[in-house]
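Before any comments, here is the structure.
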Amino acid sequence: LLKQQIDEYKPEKIIGRGFYGWTLKVTDKVPQPFAIKVVPIHRYPKEPLNENEVQAFAKCSHHRNLVRFWRPLKTHLNLLAKKVDVFCMVFDYIENAVPLREIFLKDDFRPTKVDVVNLLSGIASGLDRMHSKGLWHDDLHDDNVLIRKVEPDENLPERYEAKIIDFGSTKQQASGEPEHGERSDYEYL
C-alpha cells in the first residue's frame with residue numbers, strides 16, 4: 001500500500017487502520033502533507049458517499065473543529081496481487097495531533113477545567129456544524145477526536161484544539177428518525 005501512488009498522492013506512512021480501510025499520511029507534488037482514507041469499495045455496506053453528501057460534507061468541514069475535507073476520488077490499487085477499486089477521501093493532515101484516547105495517558109497533559117470545557121465545546125461545535133448540514137458523524141469515539149496543542153502565534157484563546165476526524169461512516173440525517181447506537185454523536189457527548 002505504501003509503495004503505490006494514489007492519484008497525485010505519494011503515501012508516506014499508515015496512520016490508522018479500521019474495519020473499512022486505511023488512513024495514510026500522503027504528500028502531493030508541492031509536497032504538502034494530507035491524510036487520505038482509502039476504502040475498498042466492496043467494504044462499504046452501501047454505495048460510498050453520494051454527490052449531495054460530498055457537497056454537504058465539503059461545506060461543513062470548513063469549521064475549525066472538523067478536519068478539512070478536500071476531495072473524494074475513486075481509483076484502483078493493487079492489493080495482494082489483485083486490482084481493487086477503492087474510494088478515497090482526502091483531508092488535511094493535522095500535524096502534532098494526538099487521539100483523545102492517547103492524550104489522557106500522557107504524563108505532561110495537565111488540563112485545567114477551562115481546557116476541558118473548551119475541548120468539549122469544540123467537539124460539540126463541530127458536531128453542531130455537521131448536524132446543521134443534515135449529517136451524522138455516526139462513529140464517534142476517542143480515536144476519532146484529535147487534540148493538538150495550540151501554538152502561541154495562532155492567536156487563539158485555547159491551549160488545546162479538538163478536531164473531529166474519520167468521516168467514513170457519516171450518513172444523512174433521516175427526517176423523523178432519531179440517531180441511535182453506541183457510537184452515535186449524542187451518545188458520545
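Residue numbers start at 1 in each chain; chains themselves are named A, B, ... in the order of the C-alpha cells; ligands are numbered from 1 in the order shown.
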Identify, on the basis of only C-alpha atoms, every residue whose closest approach to stretch 56-71 of chain A does not exceed 6 Å; exclude the query and any residue fewer than 2 positions from it along the same chain; express the result as a PyMOL selection string. chain A and resi 53-54+89-92+122+126+129-130+162-165
Residue subset to file, keeping C-alpha atoms, as a compact mmCIF listing (two decimals), in the first residue's frame:
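Final output, saved to part05.txt:
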# COMPACT_ATOMS: atom_id res chain seq x y z
CA GLU A 53 -23.34 14.12 0.85
CA VAL A 54 -19.88 15.02 -0.50
CA MET A 89 -11.32 10.87 0.86
CA VAL A 90 -8.57 13.48 1.09
CA PHE A 91 -8.31 15.58 4.28
CA ASP A 92 -5.90 17.98 5.94
CA GLY A 122 -15.08 22.31 20.37
CA GLY A 126 -18.02 20.58 15.23
CA ARG A 129 -21.93 22.19 12.13
CA MET A 130 -22.40 18.66 10.78
CA ALA A 162 -10.25 19.38 19.25
CA LYS A 163 -10.59 18.16 15.66
CA ILE A 164 -13.17 15.54 14.72
CA ILE A 165 -11.86 13.11 12.09
DSSP strand (DSSP E) residues within stretch 1-134 of chain A, listed as an MDAnalysis selection string: chainID A and resid 10:17 22:27 33:40 69:79 82:92 97:99
Would you mind exporting C-alpha atoms of the selected residues as a PDB file, in the first residue's frame?
ATOM      1  CA  LYS A  10       2.526   9.630  -2.530  1.00  0.00           C
ATOM      2  CA  PRO A  11       1.978   7.562   0.646  1.00  0.00           C
ATOM      3  CA  GLU A  12       4.436   8.135   3.496  1.00  0.00           C
ATOM      4  CA  LYS A  13       3.023   6.100   6.373  1.00  0.00           C
ATOM      5  CA  ILE A  14      -0.086   4.357   7.649  1.00  0.00           C
ATOM      6  CA  ILE A  15      -1.601   6.460  10.440  1.00  0.00           C
ATOM      7  CA  GLY A  16      -4.722   4.406  11.065  1.00  0.00           C
ATOM      8  CA  ARG A  17      -6.479   1.201  10.194  1.00  0.00           C
ATOM      9  CA  TRP A  22      -6.677   2.564   5.988  1.00  0.00           C
ATOM     10  CA  THR A  23      -5.779   6.163   6.679  1.00  0.00           C
ATOM     11  CA  LEU A  24      -2.441   7.250   5.268  1.00  0.00           C
ATOM     12  CA  LYS A  25      -0.260  10.297   5.546  1.00  0.00           C
ATOM     13  CA  VAL A  26       0.466  11.303   1.963  1.00  0.00           C
ATOM     14  CA  THR A  27       2.113  14.203   0.169  1.00  0.00           C
ATOM     15  CA  PRO A  33       1.003  16.629   3.660  1.00  0.00           C
ATOM     16  CA  PHE A  34      -2.564  15.329   3.586  1.00  0.00           C
ATOM     17  CA  ALA A  35      -4.407  12.443   5.183  1.00  0.00           C
ATOM     18  CA  ILE A  36      -6.226  10.102   2.843  1.00  0.00           C
ATOM     19  CA  LYS A  37      -8.707   7.457   3.847  1.00  0.00           C
ATOM     20  CA  VAL A  38      -8.588   4.513   1.429  1.00  0.00           C
ATOM     21  CA  VAL A  39     -11.528   2.107   1.426  1.00  0.00           C
ATOM     22  CA  PRO A  40     -12.020  -0.828  -0.945  1.00  0.00           C
ATOM     23  CA  PHE A  69     -12.196  17.676   3.663  1.00  0.00           C
ATOM     24  CA  TRP A  70     -10.596  18.391   0.284  1.00  0.00           C
ATOM     25  CA  ARG A  71     -11.993  15.929  -2.195  1.00  0.00           C
ATOM     26  CA  PRO A  72     -13.210  12.428  -2.906  1.00  0.00           C
ATOM     27  CA  LEU A  73     -11.669  10.225  -5.558  1.00  0.00           C
ATOM     28  CA  LYS A  74     -12.203   6.785  -6.996  1.00  0.00           C
ATOM     29  CA  THR A  75      -9.294   4.790  -8.291  1.00  0.00           C
ATOM     30  CA  HIS A  76      -7.874   1.299  -8.096  1.00  0.00           C
ATOM     31  CA  LEU A  77      -4.893  -0.148  -6.280  1.00  0.00           C
ATOM     32  CA  ASN A  78      -3.063  -3.432  -6.440  1.00  0.00           C
ATOM     33  CA  LEU A  79      -3.683  -5.144  -3.106  1.00  0.00           C
ATOM     34  CA  LYS A  82      -5.413  -8.071  -7.125  1.00  0.00           C
ATOM     35  CA  LYS A  83      -6.696  -4.919  -8.770  1.00  0.00           C
ATOM     36  CA  VAL A  84      -9.119  -3.432  -6.201  1.00  0.00           C
ATOM     37  CA  ASP A  85     -11.436  -0.473  -6.776  1.00  0.00           C
ATOM     38  CA  VAL A  86     -11.125   1.995  -3.891  1.00  0.00           C
ATOM     39  CA  PHE A  87     -12.913   5.119  -2.742  1.00  0.00           C
ATOM     40  CA  CYS A  88     -10.663   7.736  -1.153  1.00  0.00           C
ATOM     41  CA  MET A  89     -11.322  10.865   0.857  1.00  0.00           C
ATOM     42  CA  VAL A  90      -8.571  13.483   1.093  1.00  0.00           C
ATOM     43  CA  PHE A  91      -8.306  15.577   4.284  1.00  0.00           C
ATOM     44  CA  ASP A  92      -5.905  17.978   5.935  1.00  0.00           C
ATOM     45  CA  ALA A  97      -2.148  15.895  16.928  1.00  0.00           C
ATOM     46  CA  VAL A  98      -2.890  13.018  19.281  1.00  0.00           C
ATOM     47  CA  PRO A  99      -6.099  10.995  19.580  1.00  0.00           C
TER      48      PRO A  99
END
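Relative to atom CA of A:Gly21, atom CA of A:Arg43 is found at 7.9 Å.
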